[in-house]
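Contents: one structure, followed by commentary.
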Amino acid sequence: MKILLTRHGQTDWNVQRRIQGKTDIELNNIGIMQAEETRKKLLNYNIDYIISSPLKRAKKTAEIIGKDRNIPIIFDERIEERAFGEFEGKTSKEMDFSLLWNRKVNKKFEKAESVEEVFNRVNNFLENLKKEYPDKTVLLVTHGGISVPIRAYFEGIPEDMEVLDGFGLDNCEVKQYEL
């Protein structure tokens with residue numbers, strides 16, 4: 001199985017460095033252009049399925065990438081962005097992002113998913129994906145916070161990397177993995 005992984009295009013909250021989480025933000029004009037560029041980059045790939053987060057920013061990115069290609073798009077809540085609860089809408093100036101991404105501390109929050117919870121959710125999704133789509137090429141369209149456990153699943157995490165902030169993908173960056 002081949003997995004292509006991308007993050008949604010840019011949103012205004014990305015520019016403002018606001019935590020989006022489950023807040024359903026639209027792509028901005030740059031994000032739409034990024035998705036178009038990613039579509040062009042992926043034209044030579046024989047993609048069997050696109051599996052996307054149902055949040056607007058990922059959904060629109062998936063639709064743009066799949067435009068005119070007759071690729072089934074499946075929306076799956078298991079790859080929705082991490083629930084950041086009480087921190088959604090806050091900027092990097094208003095809080096310390098490293099608090100949210102310290103994998104050794106694995107802090108529990110009132111409403112936000114812990115690092116362990118989001119890793120478990122995504123790892124279960126990936127294990128299920130292996131069973132459902134063997135010998136297929138699947139494009140995952142998801143979020144920065146979900147790209148962290150996906151990258152960790154395939155690449156591992158450097159032993160000295162305690163805080164995972166910055167381990168996720170940039171907007172419309174594409175990674176390729178084999179299962």
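We label chains A, B, ... in the order they appear in the structure tokens, count residues from 1 in each chain, and number ligands from 1 in the order shown.
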
(message) According to DSSP computed on the backbone, where in range 26-96 of chain A is there alpha helix (DSSP H)? Give the residues as a PyMOL selection string.
(response) chain A and resi 29-41+56-66

Would you save the residues from that selection as a compact mmCIF listing (two decimals), in the first residue's frame, using N, CA and C atoms?
```
# COMPACT_ATOMS: atom_id res chain seq x y z
N ASN A 29 -7.35 32.53 -0.07
CA ASN A 29 -7.00 32.48 -1.50
C ASN A 29 -5.66 31.79 -1.72
N ILE A 30 -4.71 32.02 -0.85
CA ILE A 30 -3.40 31.34 -0.97
C ILE A 30 -3.59 29.85 -0.77
N GLY A 31 -4.41 29.45 0.17
CA GLY A 31 -4.68 28.03 0.41
C GLY A 31 -5.30 27.34 -0.80
N ILE A 32 -6.18 28.05 -1.49
CA ILE A 32 -6.79 27.50 -2.71
C ILE A 32 -5.72 27.33 -3.78
N MET A 33 -4.84 28.32 -3.92
CA MET A 33 -3.74 28.21 -4.90
C MET A 33 -2.79 27.08 -4.53
N GLN A 34 -2.50 26.92 -3.24
CA GLN A 34 -1.63 25.81 -2.80
C GLN A 34 -2.25 24.47 -3.16
N ALA A 35 -3.55 24.33 -2.94
CA ALA A 35 -4.23 23.08 -3.27
C ALA A 35 -4.17 22.82 -4.78
N GLU A 36 -4.32 23.85 -5.59
CA GLU A 36 -4.21 23.72 -7.05
C GLU A 36 -2.81 23.26 -7.44
N GLU A 37 -1.78 23.83 -6.82
CA GLU A 37 -0.40 23.41 -7.09
C GLU A 37 -0.17 21.96 -6.70
N THR A 38 -0.73 21.56 -5.58
CA THR A 38 -0.60 20.17 -5.13
C THR A 38 -1.32 19.23 -6.10
N ARG A 39 -2.47 19.65 -6.59
CA ARG A 39 -3.20 18.87 -7.60
C ARG A 39 -2.31 18.62 -8.81
N LYS A 40 -1.63 19.66 -9.28
CA LYS A 40 -0.74 19.53 -10.44
C LYS A 40 0.42 18.57 -10.13
N LYS A 41 0.99 18.69 -8.94
CA LYS A 41 2.11 17.82 -8.55
C LYS A 41 1.70 16.35 -8.51
N LYS A 56 -13.84 21.81 6.76
CA LYS A 56 -13.90 22.56 5.51
C LYS A 56 -12.55 22.74 4.83
N ARG A 57 -11.51 23.08 5.60
CA ARG A 57 -10.21 23.37 4.99
C ARG A 57 -9.59 22.14 4.33
N ALA A 58 -9.76 20.98 4.95
CA ALA A 58 -9.25 19.73 4.36
C ALA A 58 -10.16 19.27 3.24
N LYS A 59 -11.45 19.35 3.46
CA LYS A 59 -12.43 18.91 2.46
C LYS A 59 -12.23 19.67 1.14
N LYS A 60 -12.10 20.98 1.22
CA LYS A 60 -11.90 21.80 0.01
C LYS A 60 -10.58 21.45 -0.66
N THR A 61 -9.53 21.23 0.11
CA THR A 61 -8.24 20.83 -0.45
C THR A 61 -8.37 19.51 -1.19
N ALA A 62 -9.06 18.54 -0.58
CA ALA A 62 -9.26 17.22 -1.21
C ALA A 62 -10.05 17.36 -2.51
N GLU A 63 -11.08 18.17 -2.49
CA GLU A 63 -11.91 18.35 -3.68
C GLU A 63 -11.11 18.99 -4.81
N ILE A 64 -10.27 19.96 -4.49
CA ILE A 64 -9.44 20.61 -5.51
C ILE A 64 -8.44 19.60 -6.08
N ILE A 65 -7.78 18.85 -5.22
CA ILE A 65 -6.79 17.87 -5.68
C ILE A 65 -7.44 16.80 -6.56
N GLY A 66 -8.63 16.38 -6.21
CA GLY A 66 -9.31 15.32 -6.96
C GLY A 66 -10.09 15.80 -8.17
```

(request) From the DSSP assignment of the backbone, select every residue of range 1-129 of chain A that is strand (DSSP E or B), and format the answer as a VMD selection string. (result) chain A and resid 2 to 7 18 49 to 52 73 to 75 91 102

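A straight line drawn from CA of Ile146 in chain A to CA of Arg82 in chain A is 6.5 Å long.
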
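Closest approach to Leu139 in chain A among A:Glu81, A:Glu116, A:Glu178, A:Asp170 is made by A:Glu178 (distances from only C-alpha atoms).
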
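In terms of minimum interatomic distance to Phe167 in chain A, A:Val148 ranks closest within A:Leu129, A:Leu27, A:Val148, A:Leu179, counting only C-alpha atoms.
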
(request) For Phe154 in chain A, work out the shell of residues within 12 Å, counting only C-alpha atoms and skipping chain neighbours fewer than 5 positions away, then give it as number ranges by chain. (result) A: 2-5, 122-123, 126-127, 147-149, 175-179

May I have the residues from that selection written out with N, CA, C and O atoms, as an mmCIF file, in the first residue's frame?
```
data_model
loop_
_atom_site.group_PDB
_atom_site.id
_atom_site.type_symbol
_atom_site.label_atom_id
_atom_site.label_comp_id
_atom_site.auth_asym_id
_atom_site.auth_seq_id
_atom_site.Cartn_x
_atom_site.Cartn_y
_atom_site.Cartn_z
ATOM 1 N N LYS A 2 0.477 2.207 -0.798
ATOM 2 C CA LYS A 2 1.195 3.475 -0.855
ATOM 3 C C LYS A 2 0.292 4.544 -0.250
ATOM 4 O O LYS A 2 -0.898 4.610 -0.573
ATOM 5 N N ILE A 3 0.869 5.355 0.621
ATOM 6 C CA ILE A 3 0.122 6.463 1.223
ATOM 7 C C ILE A 3 0.804 7.765 0.842
ATOM 8 O O ILE A 3 2.011 7.924 1.017
ATOM 9 N N LEU A 4 0.002 8.667 0.311
ATOM 10 C CA LEU A 4 0.427 10.040 0.096
ATOM 11 C C LEU A 4 -0.260 10.851 1.191
ATOM 12 O O LEU A 4 -1.447 10.655 1.455
ATOM 13 N N LEU A 5 0.483 11.714 1.813
ATOM 14 C CA LEU A 5 -0.040 12.510 2.924
ATOM 15 C C LEU A 5 0.141 13.978 2.604
ATOM 16 O O LEU A 5 1.231 14.396 2.200
ATOM 17 N N VAL A 122 -5.015 8.155 15.730
ATOM 18 C CA VAL A 122 -4.427 8.108 14.389
ATOM 19 C C VAL A 122 -3.774 6.751 14.119
ATOM 20 O O VAL A 122 -3.906 6.208 13.018
ATOM 21 N N ASN A 123 -3.108 6.188 15.100
ATOM 22 C CA ASN A 123 -2.495 4.866 14.906
ATOM 23 C C ASN A 123 -3.556 3.808 14.624
ATOM 24 O O ASN A 123 -3.358 2.940 13.763
ATOM 25 N N LEU A 126 -4.589 4.208 11.027
ATOM 26 C CA LEU A 126 -3.592 3.682 10.087
ATOM 27 C C LEU A 126 -3.596 2.152 10.060
ATOM 28 O O LEU A 126 -3.474 1.555 8.985
ATOM 29 N N GLU A 127 -3.756 1.527 11.204
ATOM 30 C CA GLU A 127 -3.827 0.061 11.245
ATOM 31 C C GLU A 127 -5.051 -0.434 10.478
ATOM 32 O O GLU A 127 -4.982 -1.422 9.742
ATOM 33 N N SER A 147 -0.796 15.255 11.083
ATOM 34 C CA SER A 147 0.415 14.834 10.371
ATOM 35 C C SER A 147 1.534 14.453 11.342
ATOM 36 O O SER A 147 2.402 13.662 10.988
ATOM 37 N N VAL A 148 1.482 14.956 12.561
ATOM 38 C CA VAL A 148 2.511 14.613 13.564
ATOM 39 C C VAL A 148 2.487 13.114 13.883
ATOM 40 O O VAL A 148 3.504 12.436 13.705
ATOM 41 N N PRO A 149 1.358 12.544 14.332
ATOM 42 C CA PRO A 149 1.379 11.103 14.601
ATOM 43 C C PRO A 149 1.537 10.245 13.349
ATOM 44 O O PRO A 149 2.095 9.149 13.418
ATOM 45 N N LYS A 175 4.054 14.117 1.605
ATOM 46 C CA LYS A 175 4.980 13.037 1.985
ATOM 47 C C LYS A 175 4.429 11.746 1.397
ATOM 48 O O LYS A 175 3.217 11.599 1.232
ATOM 49 N N GLN A 176 5.333 10.809 1.136
ATOM 50 C CA GLN A 176 4.921 9.511 0.590
ATOM 51 C C GLN A 176 5.464 8.404 1.477
ATOM 52 O O GLN A 176 6.623 8.446 1.893
ATOM 53 N N TYR A 177 4.620 7.392 1.750
ATOM 54 C CA TYR A 177 4.997 6.282 2.604
ATOM 55 C C TYR A 177 4.507 4.974 1.999
ATOM 56 O O TYR A 177 3.532 4.948 1.239
ATOM 57 N N GLU A 178 5.155 3.894 2.382
ATOM 58 C CA GLU A 178 4.738 2.542 1.985
ATOM 59 C C GLU A 178 4.313 1.788 3.232
ATOM 60 O O GLU A 178 4.948 1.865 4.268
ATOM 61 N N LEU A 179 3.231 1.026 3.117
ATOM 62 C CA LEU A 179 2.769 0.191 4.223
ATOM 63 C C LEU A 179 2.907 -1.263 3.822
ATOM 64 O O LEU A 179 2.611 -1.649 2.724
#
```

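If only C-alpha atoms are the atoms counted, then among A:Leu43, A:Ser98, A:Ile51, A:Thr142 the closest residue to Glu80 in chain A is A:Thr142.
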
(request) Name the residues in contact with range 133-138 of chain A at a cut-off of 6 Å, using only C-alpha atoms, excluding same-chain residues fewer than 6 positions from it; report them as a ChimeraX atom specification. (result) /A:1-3,47-50

(message) Taking only C-alpha atoms into account, name the residue in A:Ile157, A:Leu164, A:Asn28, A:Cys172 that is nearest to Val105 in chain A.
(response) A:Leu164

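Within 12 Å of Lys93 in chain A, once only C-alpha atoms are used and residues closer than 3 positions along the same chain are dropped, the contacting residues are Gln16, Arg17, Arg18, Ile19, Gly89, Lys90, Asp96 and Phe97 of chain A.
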
(request) Could you check which of A:Pro158, A:Pro72, A:Gly85, A:Gly166 is closest to Gly145 in chain A, using only C-alpha atoms? (result) A:Gly166

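When only C-alpha atoms are used to compute distances to Asn102 in chain A, the closest of the residues A:Phe87, A:Val163, A:Gly21, A:Ile150 turns out to be A:Val163.
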
(request) Work out how far CA of Phe75 in chain A is from CA of Asn128 in chain A, in Å to one decimal. (result) 14.8 Å

(request) Do a neighbour search on Glu173 in chain A at 8 Å with only C-alpha atoms, toss out local chain neighbours closer than 4 positions, and write the hits as a list in words. (result) Thr6, Arg7, Thr38 and Leu169 of chain A

Generate the output file for the selected residues, all heavy atoms, as a CSV table (one decimal), in the first residue's frame.
```
chain,number,residue,atom,x,y,z
A,6,THR,N,-0.9,14.7,2.8
A,6,THR,CA,-0.8,16.2,2.6
A,6,THR,C,-1.6,16.9,3.7
A,6,THR,O,-2.6,16.3,4.2
A,6,THR,CB,-1.2,16.7,1.2
A,6,THR,OG1,-0.7,18.1,1.1
A,6,THR,CG2,-2.7,16.6,1.0
A,7,ARG,N,-1.3,18.1,4.0
A,7,ARG,CA,-2.0,18.9,4.9
A,7,ARG,C,-2.8,19.9,4.0
A,7,ARG,O,-2.4,20.3,2.9
A,7,ARG,CB,-1.0,19.7,5.8
A,7,ARG,CG,-1.7,20.7,6.7
A,7,ARG,CD,-0.6,21.5,7.5
A,7,ARG,NE,-1.2,22.5,8.4
A,7,ARG,CZ,-0.5,23.4,8.9
A,7,ARG,NH1,0.8,23.5,8.7
A,7,ARG,NH2,-1.1,24.3,9.7
A,38,THR,N,-0.7,21.6,-5.6
A,38,THR,CA,-0.6,20.2,-5.1
A,38,THR,C,-1.3,19.2,-6.1
A,38,THR,O,-0.8,18.2,-6.4
A,38,THR,CB,-1.1,20.0,-3.7
A,38,THR,OG1,-0.4,20.9,-2.8
A,38,THR,CG2,-1.0,18.6,-3.2
A,169,LEU,N,3.4,18.7,9.1
A,169,LEU,CA,3.6,19.2,7.7
A,169,LEU,C,3.2,20.7,7.6
A,169,LEU,O,2.4,21.2,8.3
A,169,LEU,CB,2.8,18.4,6.7
A,169,LEU,CG,3.1,16.9,6.6
A,169,LEU,CD1,2.1,16.3,5.5
A,169,LEU,CD2,4.5,16.6,6.3
```
